[in-house]
Amino acid sequence: MDRFEFFAKLPRTEPGSPTFTSAYLTPIPIKTDDKVLDLGCAAGDRATWVARSRCCRVVAVDRDPRYLPFVKQRAAEGGAGQLVAPITARYTQLPFLDGAFDVVMAEGAALSLGLKQALDIWRRLLSAKGFLAIAYPGVVNKGAPQEVRGPLEKRMVEPLGTLADYHKIIRGAGYELLHQVPLQAEIWDRYYRANQRHAWAMVASGDVQEDDPVLQEILDEASWYRRVGRGRVFLQAMVVRPQ
């Protein structure tokens with residue numbers, strides 16, 4: 001089993017919720033003729049919600065082509081089939097013209113790039129008055145030990161930083177920080193509880209063996225958050241704009 005096989009039937013591959021997405025998008029004046037890019041869309045729940053709630057066009061991108069039929073199905077079922085356009089692409093080589101989007105959203109997509117590289121690469125996609133909304137995890141205390149950092153950093157290309165570190169990176173990359181929202185701990189809890197229930201349901205149905213390494217990694221991360229990570233790590237959504 002790989003992570004796609006585990007997460008394909010779930011709403012998202014990283015912690016989050018429509019409440020969280022709405023909280024950081026609310027200050028952005030998305031109009032019906034604006035074009036939004038959702039990077040790391042997975043099964044398309046977030047793209048569908050944004051398209052329907054903002055009545056705008058959303059290009060939903062994931063690097064795994066196996067998500068495409070899921071995105072199409074979720075969009076159609078959610079009443080946004082004509083607004084959501086799913087495609088497959090690498091987050092470092094996106095097939096779009098410069099200035100193509102008024103809003104670029106990335107909840108989790110930057111983990112495989114690093115915050116600075118993501119800010120640098122995705123900048124060209126923004127229209128003249130475009131916004132980048134990027135969610136990125138970090139540690140509350142700079143000297144956090146490895147037991148706090150480990151499970152998340154396994155899936156990242158760089159060590160977790162503090163919020164002050166990220167603000168410095170944003171300024172250094174030539175962006176202005178306009179708005180920021182932390183993911184509530186209760187939403188993290190719900191995400192990991194849902195993962196645990198799904199994992200044991202897959203085992204009970206015989207779809208996967210209990211000792212599957214990917215399954216164990218997902219269960220270990222859920223256990224880590226409950227025992228160690230809660231209150232010591234954060235996920236911050238930051239809305240920025242090039243200066």
# chains A, B, ... in the order shown; residues from 1 in each chain; ligands from 1
call {"tool": "select_by_dssp", "arguments": {"residues": "range 40-171 of chain A", "states": "helix (DSSP H, G or I)", "output": "PyMOL selection string"}}
result
chain A and resi 45-54+65-77+109-112+115-125+146-153+163-171
call {"tool": "residues_around", "arguments": {"residues": "Asp211 in chain A", "least_positions_apart": "6", "cutoff": "12 Å", "atoms": "only C-alpha atoms", "output": "PyMOL selection string"}}
result
chain A and resi 1+199-200+203+217-220
call {"tool": "residues_around", "arguments": {"residues": "Ser223 in chain A", "least_positions_apart": "3", "cutoff": "12 Å", "atoms": "only C-alpha atoms", "output": "PDB file with N, CA and C atoms, in the first residue's frame"}}
result
ATOM      1  N   PRO A 151       8.124  12.833  13.304  1.00  0.00           N
ATOM      2  CA  PRO A 151       7.110  12.311  12.379  1.00  0.00           C
ATOM      3  C   PRO A 151       6.781  13.237  11.221  1.00  0.00           C
ATOM      4  N   TRP A 188      -6.800  19.099  14.211  1.00  0.00           N
ATOM      5  CA  TRP A 188      -5.733  18.092  14.131  1.00  0.00           C
ATOM      6  C   TRP A 188      -6.230  16.781  14.729  1.00  0.00           C
ATOM      7  N   ASP A 189      -6.846  16.868  15.913  1.00  0.00           N
ATOM      8  CA  ASP A 189      -7.331  15.659  16.595  1.00  0.00           C
ATOM      9  C   ASP A 189      -8.311  14.892  15.725  1.00  0.00           C
ATOM     10  N   TYR A 191      -8.627  14.945  12.504  1.00  0.00           N
ATOM     11  CA  TYR A 191      -7.922  14.392  11.342  1.00  0.00           C
ATOM     12  C   TYR A 191      -7.259  13.056  11.699  1.00  0.00           C
ATOM     13  N   TYR A 192      -6.535  13.029  12.805  1.00  0.00           N
ATOM     14  CA  TYR A 192      -5.832  11.804  13.170  1.00  0.00           C
ATOM     15  C   TYR A 192      -6.792  10.704  13.641  1.00  0.00           C
ATOM     16  N   ARG A 193      -7.886  11.087  14.296  1.00  0.00           N
ATOM     17  CA  ARG A 193      -8.883  10.075  14.676  1.00  0.00           C
ATOM     18  C   ARG A 193      -9.504   9.442  13.439  1.00  0.00           C
ATOM     19  N   ASN A 195      -8.073   9.134  10.529  1.00  0.00           N
ATOM     20  CA  ASN A 195      -7.052   8.258   9.951  1.00  0.00           C
ATOM     21  C   ASN A 195      -7.000   6.922  10.674  1.00  0.00           C
ATOM     22  N   GLN A 196      -7.076   6.965  11.992  1.00  0.00           N
ATOM     23  CA  GLN A 196      -7.036   5.724  12.765  1.00  0.00           C
ATOM     24  C   GLN A 196      -8.240   4.841  12.450  1.00  0.00           C
ATOM     25  N   GLN A 216       1.501   1.584   9.219  1.00  0.00           N
ATOM     26  CA  GLN A 216       2.134   1.802  10.513  1.00  0.00           C
ATOM     27  C   GLN A 216       2.664   3.221  10.648  1.00  0.00           C
ATOM     28  N   GLU A 217       3.198   3.765   9.571  1.00  0.00           N
ATOM     29  CA  GLU A 217       3.699   5.144   9.611  1.00  0.00           C
ATOM     30  C   GLU A 217       2.563   6.127   9.880  1.00  0.00           C
ATOM     31  N   ILE A 218       1.416   5.897   9.257  1.00  0.00           N
ATOM     32  CA  ILE A 218       0.263   6.769   9.461  1.00  0.00           C
ATOM     33  C   ILE A 218      -0.263   6.645  10.887  1.00  0.00           C
ATOM     34  N   LEU A 219      -0.342   5.416  11.400  1.00  0.00           N
ATOM     35  CA  LEU A 219      -0.803   5.204  12.776  1.00  0.00           C
ATOM     36  C   LEU A 219       0.196   5.760  13.787  1.00  0.00           C
ATOM     37  N   ASP A 220       1.475   5.624  13.488  1.00  0.00           N
ATOM     38  CA  ASP A 220       2.502   6.160  14.397  1.00  0.00           C
ATOM     39  C   ASP A 220       2.406   7.684  14.481  1.00  0.00           C
ATOM     40  N   ARG A 226      -0.993  12.738  19.511  1.00  0.00           N
ATOM     41  CA  ARG A 226      -1.741  12.668  20.765  1.00  0.00           C
ATOM     42  C   ARG A 226      -0.811  12.666  21.976  1.00  0.00           C
ATOM     43  N   ARG A 227       0.319  11.966  21.865  1.00  0.00           N
ATOM     44  CA  ARG A 227       1.221  11.814  23.018  1.00  0.00           C
ATOM     45  C   ARG A 227       2.228  12.949  23.150  1.00  0.00           C
ATOM     46  N   VAL A 228       2.696  13.481  22.001  1.00  0.00           N
ATOM     47  CA  VAL A 228       3.838  14.393  22.013  1.00  0.00           C
ATOM     48  C   VAL A 228       3.558  15.718  21.305  1.00  0.00           C
ATOM     49  N   GLY A 229       3.005  15.665  20.124  1.00  0.00           N
ATOM     50  CA  GLY A 229       2.961  16.842  19.257  1.00  0.00           C
ATOM     51  C   GLY A 229       1.941  17.893  19.627  1.00  0.00           C
ATOM     52  N   ARG A 230       0.830  17.496  20.212  1.00  0.00           N
ATOM     53  CA  ARG A 230      -0.264  18.441  20.470  1.00  0.00           C
ATOM     54  C   ARG A 230       0.217  19.602  21.347  1.00  0.00           C
TER      55      ARG A 230
END
call {"tool": "decode", "arguments": {"residues": "range 214-229 of chain A", "atoms": "all heavy atoms", "output": "PDB file, in the first residue's frame"}}
result
ATOM      1  N   VAL A 214       3.398   1.486   5.429  1.00  0.00           N
ATOM      2  CA  VAL A 214       2.737   2.779   5.248  1.00  0.00           C
ATOM      3  C   VAL A 214       1.629   2.953   6.283  1.00  0.00           C
ATOM      4  O   VAL A 214       1.479   4.021   6.885  1.00  0.00           O
ATOM      5  CB  VAL A 214       2.176   2.919   3.820  1.00  0.00           C
ATOM      6  CG1 VAL A 214       1.341   4.187   3.685  1.00  0.00           C
ATOM      7  CG2 VAL A 214       3.306   2.921   2.808  1.00  0.00           C
ATOM      8  N   LEU A 215       0.860   1.899   6.503  1.00  0.00           N
ATOM      9  CA  LEU A 215      -0.188   1.947   7.511  1.00  0.00           C
ATOM     10  C   LEU A 215       0.406   2.250   8.880  1.00  0.00           C
ATOM     11  O   LEU A 215      -0.112   3.090   9.630  1.00  0.00           O
ATOM     12  CB  LEU A 215      -0.941   0.625   7.556  1.00  0.00           C
ATOM     13  CG  LEU A 215      -2.138   0.579   8.499  1.00  0.00           C
ATOM     14  CD1 LEU A 215      -3.314   1.311   7.881  1.00  0.00           C
ATOM     15  CD2 LEU A 215      -2.523  -0.853   8.829  1.00  0.00           C
ATOM     16  N   GLN A 216       1.501   1.584   9.219  1.00  0.00           N
ATOM     17  CA  GLN A 216       2.134   1.802  10.513  1.00  0.00           C
ATOM     18  C   GLN A 216       2.664   3.221  10.648  1.00  0.00           C
ATOM     19  O   GLN A 216       2.573   3.837  11.714  1.00  0.00           O
ATOM     20  CB  GLN A 216       3.259   0.785  10.730  1.00  0.00           C
ATOM     21  CG  GLN A 216       2.767  -0.608  11.063  1.00  0.00           C
ATOM     22  CD  GLN A 216       1.872  -0.616  12.294  1.00  0.00           C
ATOM     23  OE1 GLN A 216       2.199  -0.016  13.317  1.00  0.00           O
ATOM     24  NE2 GLN A 216       0.736  -1.287  12.179  1.00  0.00           N
ATOM     25  N   GLU A 217       3.198   3.765   9.571  1.00  0.00           N
ATOM     26  CA  GLU A 217       3.699   5.144   9.611  1.00  0.00           C
ATOM     27  C   GLU A 217       2.563   6.127   9.880  1.00  0.00           C
ATOM     28  O   GLU A 217       2.719   7.073  10.669  1.00  0.00           O
ATOM     29  CB  GLU A 217       4.378   5.481   8.280  1.00  0.00           C
ATOM     30  CG  GLU A 217       4.956   6.883   8.214  1.00  0.00           C
ATOM     31  CD  GLU A 217       5.638   7.157   6.889  1.00  0.00           C
ATOM     32  OE1 GLU A 217       6.699   6.560   6.656  1.00  0.00           O
ATOM     33  OE2 GLU A 217       5.101   7.954   6.105  1.00  0.00           O
ATOM     34  N   ILE A 218       1.416   5.897   9.257  1.00  0.00           N
ATOM     35  CA  ILE A 218       0.263   6.769   9.461  1.00  0.00           C
ATOM     36  C   ILE A 218      -0.263   6.645  10.887  1.00  0.00           C
ATOM     37  O   ILE A 218      -0.580   7.647  11.544  1.00  0.00           O
ATOM     38  CB  ILE A 218      -0.826   6.436   8.428  1.00  0.00           C
ATOM     39  CG1 ILE A 218      -0.359   6.868   7.029  1.00  0.00           C
ATOM     40  CG2 ILE A 218      -2.156   7.095   8.781  1.00  0.00           C
ATOM     41  CD1 ILE A 218      -1.208   6.335   5.897  1.00  0.00           C
ATOM     42  N   LEU A 219      -0.342   5.416  11.400  1.00  0.00           N
ATOM     43  CA  LEU A 219      -0.803   5.204  12.776  1.00  0.00           C
ATOM     44  C   LEU A 219       0.196   5.760  13.787  1.00  0.00           C
ATOM     45  O   LEU A 219      -0.202   6.328  14.811  1.00  0.00           O
ATOM     46  CB  LEU A 219      -1.028   3.717  13.024  1.00  0.00           C
ATOM     47  CG  LEU A 219      -2.246   3.102  12.338  1.00  0.00           C
ATOM     48  CD1 LEU A 219      -2.267   1.600  12.531  1.00  0.00           C
ATOM     49  CD2 LEU A 219      -3.535   3.717  12.879  1.00  0.00           C
ATOM     50  N   ASP A 220       1.475   5.624  13.488  1.00  0.00           N
ATOM     51  CA  ASP A 220       2.502   6.160  14.397  1.00  0.00           C
ATOM     52  C   ASP A 220       2.406   7.684  14.481  1.00  0.00           C
ATOM     53  O   ASP A 220       2.582   8.268  15.555  1.00  0.00           O
ATOM     54  CB  ASP A 220       3.899   5.750  13.920  1.00  0.00           C
ATOM     55  CG  ASP A 220       4.199   4.284  14.172  1.00  0.00           C
ATOM     56  OD1 ASP A 220       3.431   3.644  14.918  1.00  0.00           O
ATOM     57  OD2 ASP A 220       5.181   3.779  13.606  1.00  0.00           O
ATOM     58  N   GLU A 221       2.131   8.339  13.340  1.00  0.00           N
ATOM     59  CA  GLU A 221       2.013   9.797  13.364  1.00  0.00           C
ATOM     60  C   GLU A 221       0.801  10.225  14.187  1.00  0.00           C
ATOM     61  O   GLU A 221       0.862  11.202  14.937  1.00  0.00           O
ATOM     62  CB  GLU A 221       1.916  10.345  11.940  1.00  0.00           C
ATOM     63  CG  GLU A 221       1.904  11.866  11.894  1.00  0.00           C
ATOM     64  CD  GLU A 221       1.976  12.423  10.477  1.00  0.00           C
ATOM     65  OE1 GLU A 221       2.750  11.880   9.667  1.00  0.00           O
ATOM     66  OE2 GLU A 221       1.258  13.403  10.206  1.00  0.00           O
ATOM     67  N   ALA A 222      -0.299   9.501  14.047  1.00  0.00           N
ATOM     68  CA  ALA A 222      -1.493   9.819  14.834  1.00  0.00           C
ATOM     69  C   ALA A 222      -1.221   9.658  16.327  1.00  0.00           C
ATOM     70  O   ALA A 222      -1.624  10.493  17.148  1.00  0.00           O
ATOM     71  CB  ALA A 222      -2.659   8.933  14.402  1.00  0.00           C
ATOM     72  N   SER A 223      -0.525   8.588  16.679  1.00  0.00           N
ATOM     73  CA  SER A 223      -0.184   8.358  18.085  1.00  0.00           C
ATOM     74  C   SER A 223       0.786   9.410  18.594  1.00  0.00           C
ATOM     75  O   SER A 223       0.660   9.907  19.727  1.00  0.00           O
ATOM     76  CB  SER A 223       0.428   6.962  18.240  1.00  0.00           C
ATOM     77  OG  SER A 223       0.841   6.736  19.569  1.00  0.00           O
ATOM     78  N   TRP A 224       1.757   9.786  17.763  1.00  0.00           N
ATOM     79  CA  TRP A 224       2.724  10.834  18.139  1.00  0.00           C
ATOM     80  C   TRP A 224       2.030  12.145  18.442  1.00  0.00           C
ATOM     81  O   TRP A 224       2.363  12.815  19.423  1.00  0.00           O
ATOM     82  CB  TRP A 224       3.731  11.026  16.999  1.00  0.00           C
ATOM     83  CG  TRP A 224       4.351  12.385  16.988  1.00  0.00           C
ATOM     84  CD1 TRP A 224       5.408  12.820  17.719  1.00  0.00           C
ATOM     85  CD2 TRP A 224       3.918  13.518  16.211  1.00  0.00           C
ATOM     86  NE1 TRP A 224       5.678  14.142  17.453  1.00  0.00           N
ATOM     87  CE2 TRP A 224       4.769  14.595  16.532  1.00  0.00           C
ATOM     88  CE3 TRP A 224       2.902  13.726  15.281  1.00  0.00           C
ATOM     89  CZ2 TRP A 224       4.632  15.852  15.954  1.00  0.00           C
ATOM     90  CZ3 TRP A 224       2.758  14.968  14.707  1.00  0.00           C
ATOM     91  CH2 TRP A 224       3.624  16.003  15.045  1.00  0.00           C
ATOM     92  N   TYR A 225       1.058  12.527  17.619  1.00  0.00           N
ATOM     93  CA  TYR A 225       0.406  13.815  17.856  1.00  0.00           C
ATOM     94  C   TYR A 225      -0.314  13.818  19.206  1.00  0.00           C
ATOM     95  O   TYR A 225      -0.227  14.791  19.961  1.00  0.00           O
ATOM     96  CB  TYR A 225      -0.593  14.138  16.748  1.00  0.00           C
ATOM     97  CG  TYR A 225      -1.247  15.487  16.963  1.00  0.00           C
ATOM     98  CD1 TYR A 225      -0.552  16.653  16.658  1.00  0.00           C
ATOM     99  CD2 TYR A 225      -2.520  15.591  17.522  1.00  0.00           C
ATOM    100  CE1 TYR A 225      -1.118  17.895  16.890  1.00  0.00           C
ATOM    101  CE2 TYR A 225      -3.085  16.833  17.754  1.00  0.00           C
ATOM    102  CZ  TYR A 225      -2.380  17.982  17.440  1.00  0.00           C
ATOM    103  OH  TYR A 225      -2.936  19.211  17.696  1.00  0.00           O
ATOM    104  N   ARG A 226      -0.993  12.738  19.511  1.00  0.00           N
ATOM    105  CA  ARG A 226      -1.741  12.668  20.765  1.00  0.00           C
ATOM    106  C   ARG A 226      -0.811  12.666  21.976  1.00  0.00           C
ATOM    107  O   ARG A 226      -1.079  13.307  22.994  1.00  0.00           O
ATOM    108  CB  ARG A 226      -2.613  11.413  20.760  1.00  0.00           C
ATOM    109  CG  ARG A 226      -3.532  11.297  21.973  1.00  0.00           C
ATOM    110  CD  ARG A 226      -4.453  10.098  21.845  1.00  0.00           C
ATOM    111  NE  ARG A 226      -3.709   8.846  21.734  1.00  0.00           N
ATOM    112  CZ  ARG A 226      -3.616   8.128  20.630  1.00  0.00           C
ATOM    113  NH1 ARG A 226      -4.200   8.538  19.522  1.00  0.00           N
ATOM    114  NH2 ARG A 226      -2.927   7.000  20.616  1.00  0.00           N
ATOM    115  N   ARG A 227       0.319  11.966  21.865  1.00  0.00           N
ATOM    116  CA  ARG A 227       1.221  11.814  23.018  1.00  0.00           C
ATOM    117  C   ARG A 227       2.228  12.949  23.150  1.00  0.00           C
ATOM    118  O   ARG A 227       2.592  13.337  24.262  1.00  0.00           O
ATOM    119  CB  ARG A 227       1.982  10.482  22.914  1.00  0.00           C
ATOM    120  CG  ARG A 227       1.142   9.248  23.036  1.00  0.00           C
ATOM    121  CD  ARG A 227       2.003   7.998  22.976  1.00  0.00           C
ATOM    122  NE  ARG A 227       2.719   7.890  21.692  1.00  0.00           N
ATOM    123  CZ  ARG A 227       3.989   8.195  21.517  1.00  0.00           C
ATOM    124  NH1 ARG A 227       4.734   8.626  22.521  1.00  0.00           N
ATOM    125  NH2 ARG A 227       4.542   8.060  20.305  1.00  0.00           N
ATOM    126  N   VAL A 228       2.696  13.481  22.001  1.00  0.00           N
ATOM    127  CA  VAL A 228       3.838  14.393  22.013  1.00  0.00           C
ATOM    128  C   VAL A 228       3.558  15.718  21.305  1.00  0.00           C
ATOM    129  O   VAL A 228       3.864  16.793  21.834  1.00  0.00           O
ATOM    130  CB  VAL A 228       5.073  13.727  21.365  1.00  0.00           C
ATOM    131  CG1 VAL A 228       6.260  14.695  21.341  1.00  0.00           C
ATOM    132  CG2 VAL A 228       5.432  12.449  22.090  1.00  0.00           C
ATOM    133  N   GLY A 229       3.005  15.665  20.124  1.00  0.00           N
ATOM    134  CA  GLY A 229       2.961  16.842  19.257  1.00  0.00           C
ATOM    135  C   GLY A 229       1.941  17.893  19.627  1.00  0.00           C
ATOM    136  O   GLY A 229       2.162  19.083  19.369  1.00  0.00           O
TER     137      GLY A 229
END
